[in-house]
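Novice: Pasting run-v3.cif here (mmCIF, C-alpha atoms):
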data_work
loop_
_atom_site.group_PDB
_atom_site.id
_atom_site.type_symbol
_atom_site.label_atom_id
_atom_site.label_comp_id
_atom_site.auth_asym_id
_atom_site.auth_seq_id
_atom_site.Cartn_x
_atom_site.Cartn_y
_atom_site.Cartn_z
ATOM 1 C CA MET A 1 237.878 100.341 25.201
ATOM 2 C CA THR A 2 237.886 101.633 21.665
ATOM 3 C CA PHE A 3 235.280 103.382 19.594
ATOM 4 C CA LYS A 4 236.686 102.267 16.247
ATOM 5 C CA ASN A 5 234.549 100.455 13.766
ATOM 6 C CA PRO A 6 234.730 96.690 14.545
ATOM 7 C CA VAL A 7 236.206 95.898 11.143
ATOM 8 C CA HIS A 8 239.102 98.329 11.732
ATOM 9 C CA ARG A 9 240.068 97.219 15.248
ATOM 10 C CA GLY A 10 242.145 94.096 14.905
ATOM 11 C CA GLY A 11 243.509 94.205 11.386
ATOM 12 C CA SER A 12 242.967 91.130 9.276
ATOM 13 C CA ARG A 13 242.905 88.753 12.271
ATOM 14 C CA ARG A 14 239.533 87.993 13.832
ATOM 15 C CA GLY A 15 239.241 88.439 17.569
ATOM 16 C CA ARG A 16 237.184 86.572 20.127
ATOM 17 C CA PHE A 17 234.300 89.015 19.873
ATOM 18 C CA GLU A 18 234.110 88.623 16.099
ATOM 19 C CA GLN A 19 234.053 84.846 16.442
ATOM 20 C CA PHE A 20 231.433 85.020 19.182
ATOM 21 C CA ALA A 21 229.336 87.412 17.089
ATOM 22 C CA GLU A 22 229.464 85.016 14.140
ATOM 23 C CA TYR A 23 228.485 82.013 16.265
ATOM 24 C CA ALA A 24 225.711 83.984 17.947
ATOM 25 C CA SER A 25 224.456 85.230 14.590
ATOM 26 C CA ASN A 26 224.338 81.660 13.285
ATOM 27 C CA PHE A 27 222.493 80.524 16.408
ATOM 28 C CA THR A 28 219.957 83.364 16.309
ATOM 29 C CA SER A 29 219.049 82.435 12.752
ATOM 30 C CA SER A 30 218.417 78.814 13.726
ATOM 31 C CA PRO A 31 215.093 77.098 14.451
ATOM 32 C CA ALA A 32 216.286 76.406 18.016
ATOM 33 C CA PHE A 33 216.518 80.118 18.776
ATOM 34 C CA PHE A 34 213.116 80.721 17.192
ATOM 35 C CA LEU A 35 211.676 78.023 19.453
ATOM 36 C CA PHE A 36 213.391 79.641 22.463
ATOM 37 C CA CYS A 37 211.795 82.988 21.572
ATOM 38 C CA LEU A 38 208.379 81.369 21.195
ATOM 39 C CA LEU A 39 208.762 79.746 24.610
ATOM 40 C CA LEU A 40 209.826 83.060 26.134
ATOM 41 C CA ILE A 41 206.823 84.825 24.640
ATOM 42 C CA GLY A 42 204.568 81.969 25.746
ATOM 43 C CA PHE A 43 205.898 82.302 29.288
ATOM 44 C CA PHE A 44 205.261 86.046 29.175
ATOM 45 C CA VAL A 45 201.676 85.613 27.973
ATOM 46 C CA ALA A 46 200.983 82.743 30.386
ATOM 47 C CA ALA A 47 202.390 84.729 33.316
ATOM 48 C CA HIS A 48 199.982 87.562 32.581
ATOM 49 C CA ALA A 49 197.024 85.265 31.922
ATOM 50 C CA ALA A 50 197.597 83.326 35.146
ATOM 51 C CA HIS A 51 198.027 86.526 37.173
ATOM 52 C CA LEU A 52 201.343 85.294 38.548
ATOM 53 C CA PRO A 53 203.233 87.370 41.111
ATOM 54 C CA LEU A 54 204.832 90.599 39.962
ATOM 55 C CA GLU A 55 208.336 89.141 40.296
ATOM 56 C CA LEU A 56 207.635 86.535 37.621
ATOM 57 C CA LEU A 57 206.064 89.122 35.335
ATOM 58 C CA LEU A 58 209.161 91.287 35.707
ATOM 59 C CA LEU A 59 211.418 88.293 35.071
ATOM 60 C CA ALA A 60 209.588 87.491 31.836
ATOM 61 C CA GLY A 61 209.672 91.102 30.649
ATOM 62 C CA GLU A 62 213.332 91.590 31.537
ATOM 63 C CA ALA A 63 214.302 88.360 29.789
ATOM 64 C CA MET A 64 212.576 89.548 26.617
ATOM 65 C CA THR A 65 214.330 92.916 26.916
ATOM 66 C CA ALA A 66 217.723 91.239 27.324
ATOM 67 C CA VAL A 67 217.161 89.070 24.254
ATOM 68 C CA THR A 68 216.085 92.137 22.272
ATOM 69 C CA LEU A 69 219.223 94.072 23.230
ATOM 70 C CA LEU A 70 221.429 91.103 22.350
ATOM 71 C CA LEU A 71 219.780 90.795 18.955
ATOM 72 C CA LEU A 72 220.174 94.525 18.334
ATOM 73 C CA ALA A 73 223.910 94.351 19.071
ATOM 74 C CA LEU A 74 224.337 91.321 16.822
ATOM 75 C CA LEU A 75 222.347 92.917 14.028
ATOM 76 C CA LYS A 76 224.399 96.103 14.138
ATOM 77 C CA ASN A 77 227.649 94.117 14.180
ATOM 78 C CA ALA A 78 226.572 92.074 11.177
ATOM 79 C CA GLU A 79 225.416 95.212 9.345
ATOM 80 C CA VAL A 80 228.752 96.967 9.822
ATOM 81 C CA ARG A 81 230.718 93.922 8.708
ATOM 82 C CA ALA A 82 228.553 93.396 5.627
ATOM 83 C CA GLU A 83 228.802 97.073 4.699
ATOM 84 C CA HIS A 84 232.580 96.975 5.006
ATOM 85 C CA ALA A 85 232.822 93.789 2.922
ATOM 86 C CA VAL A 86 230.682 95.295 0.161
ATOM 87 C CA GLN A 87 232.767 98.472 0.185
ATOM 88 C CA ARG A 88 236.017 96.494 -0.101
ATOM 89 C CA LYS A 89 234.616 94.572 -3.067
ATOM 90 C CA LEU A 90 233.459 97.769 -4.768
ATOM 91 C CA ASP A 91 236.877 99.340 -4.228
ATOM 92 C CA ALA A 92 238.532 96.281 -5.776
ATOM 93 C CA ILE A 93 236.223 96.458 -8.805
ATOM 94 C CA ALA A 94 236.884 100.181 -9.188
ATOM 95 C CA ALA A 95 240.644 99.677 -8.936
ATOM 96 C CA ALA A 96 240.501 96.907 -11.557
ATOM 97 C CA LEU A 97 238.510 99.177 -13.877
ATOM 98 C CA LEU A 98 241.056 101.938 -13.412
ATOM 99 C CA GLU A 99 243.918 99.583 -14.219
ATOM 100 C CA ALA A 100 242.107 98.313 -17.299
ATOM 101 C CA HIS A 101 241.520 101.825 -18.663
ATOM 102 C CA ARG A 102 244.732 103.662 -17.740
ATOM 103 C CA GLU A 103 245.076 105.228 -21.195
ATOM 104 C CA GLU A 104 241.519 106.590 -21.368
ATOM 105 C CA ARG A 105 241.357 109.522 -18.944
ATOM 106 C CA GLY A 106 237.805 110.796 -19.345
ATOM 107 C CA GLN A 107 235.409 112.169 -16.735
ATOM 108 C CA ALA A 108 234.195 108.672 -15.841
ATOM 109 C CA PHE A 109 237.799 107.661 -15.108
ATOM 110 C CA GLU A 110 238.282 110.616 -12.764
ATOM 111 C CA ASP A 111 234.932 110.009 -11.031
ATOM 112 C CA LEU A 112 235.868 106.376 -10.467
ATOM 113 C CA ARG A 113 239.311 107.321 -9.137
ATOM 114 C CA HIS A 114 237.776 109.756 -6.651
ATOM 115 C CA ALA A 115 235.125 107.220 -5.559
ATOM 116 C CA ILE A 116 237.710 104.750 -4.252
ATOM 117 C CA ARG A 117 237.827 104.938 -0.433
ATOM 118 C CA MET A 118 235.124 107.603 -0.392
ATOM 119 C CA GLU A 119 233.478 105.892 2.597
ATOM 120 C CA GLU A 120 236.486 106.841 4.738
ATOM 121 C CA GLU A 121 235.797 110.530 4.130
ATOM 122 C CA THR A 122 232.184 110.380 5.290
#
Could you write out this file's structure as structure tokens?

Specialist:
Amino acid sequence: MTFKNPVHRGGSRRGRFEQFAEYASNFTSSPAFFLFCLLLIGFFVAAHAAHLPLELLLLAGEAMTAVTLLLLALLKNAEVRAEHAVQRKLDAIAAALLEAHREERGQAFEDLRHAIRMEEET
């Protein structure tokens, strides 16, 4: 088990978890998943309204909790990957600007040079 950022774990190759996270993210943004959530909520409300046994009420609540935790994990994974992708693009733009203005060494040049890979320091 590793505590590294998911984008730094496997290099440039995508692992099984990354592929699963992408597929799951695509599914959770689909109308089918929205319908599943509506049915789950409907079951929860109906179970309470019908005064069903406690076991069914717990099943409905635990199912909603499990879906919530899954969505939280997927959201965090997607957030980290998007943040890393944006940072890589910004670093590439900054490096291109530095290469384009090698002769002009003003304060903006130095600020830009120091900003590259700043996210690794924080």

Novice: Give the answer as one residue: which of A:Cys37, A:Leu98, A:Ala78, A:Thr28 has the shortest atom-to-atom distance to Glu110 of chain A, using all atoms listed in the file?

Specialist: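 Once distances to Glu110 of chain A are computed over all atoms listed in the file, the minimum belongs to A:Leu98.
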
Novice: Using all atoms listed in the file, pick whichever of A:Glu62, A:Arg16, A:Val67, A:Gly106 has the shortest atom-to-atom distance to Phe33 of chain A.

Specialist: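 Using all atoms listed in the file, Phe33 of chain A sits closest to A:Val67.
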
Novice: Work out how far apart atom CA of Leu35 of chain A and atom CA of Met64 of chain A are and give it in Å to one decimal.

Specialist: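 Pair atom CA of Leu35 of chain A / atom CA of Met64 of chain A returns 13.6 Å.
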
Novice: Quick check, in Å to one decimal: how far apart do atom CA of Ala32 of chain A and atom CA of Gln19 of chain A lie?

Specialist: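 Taking atom CA of Ala32 of chain A as the start and atom CA of Gln19 of chain A as the end point, the length is 19.7 Å.
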
Novice: If I take atom CA of Leu39 of chain A and atom CA of Gly61 of chain A, how far is one from the other in Å, to one decimal?

Specialist: 12.9 Å

Novice: Mind telling me what the PyMOL selection byres ((chain A and resi 25) around 12) catches here, as a PyMOL selection string?

Specialist: chain A and resi 17-24+26-30+33+70-79

Novice: Please determine, counting only C-alpha atoms, which residue among A:Ala49, A:Ala100, A:Ala63, A:Val80 has the shortest atom-to-atom distance to Phe36 of chain A.

Specialist: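 Ranking A:Ala49, A:Ala100, A:Ala63, A:Val80 by distance to Phe36 of chain A, first place goes to A:Ala63.
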
Novice: Nearest to Ala66 of chain A among A:His51, A:His114, A:Leu40, A:Arg88, with distances taken over all atoms listed in the file: which residue is it?

Specialist: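 Of the candidates, the smallest distance to Ala66 of chain A is held by A:Leu40.
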
Novice: Spell out the residues picked by the PyMOL selection byres ((chain A and resi 57) around 10) here, as a JSON list (two decimals) with C-alpha atoms, in the frame of the given file.

Specialist:
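Dumped everything to part11.json:
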[["chain", "number", "residue", "atom", "x", "y", "z"],
["A", 43, "PHE", "CA", 205.90, 82.30, 29.29],
["A", 44, "PHE", "CA", 205.26, 86.05, 29.18],
["A", 45, "VAL", "CA", 201.68, 85.61, 27.97],
["A", 46, "ALA", "CA", 200.98, 82.74, 30.39],
["A", 47, "ALA", "CA", 202.39, 84.73, 33.32],
["A", 48, "HIS", "CA", 199.98, 87.56, 32.58],
["A", 51, "HIS", "CA", 198.03, 86.53, 37.17],
["A", 52, "LEU", "CA", 201.34, 85.29, 38.55],
["A", 53, "PRO", "CA", 203.23, 87.37, 41.11],
["A", 54, "LEU", "CA", 204.83, 90.60, 39.96],
["A", 55, "GLU", "CA", 208.34, 89.14, 40.30],
["A", 56, "LEU", "CA", 207.64, 86.54, 37.62],
["A", 58, "LEU", "CA", 209.16, 91.29, 35.71],
["A", 59, "LEU", "CA", 211.42, 88.29, 35.07],
["A", 60, "ALA", "CA", 209.59, 87.49, 31.84],
["A", 61, "GLY", "CA", 209.67, 91.10, 30.65],
["A", 62, "GLU", "CA", 213.33, 91.59, 31.54],
["A", 63, "ALA", "CA", 214.30, 88.36, 29.79]]
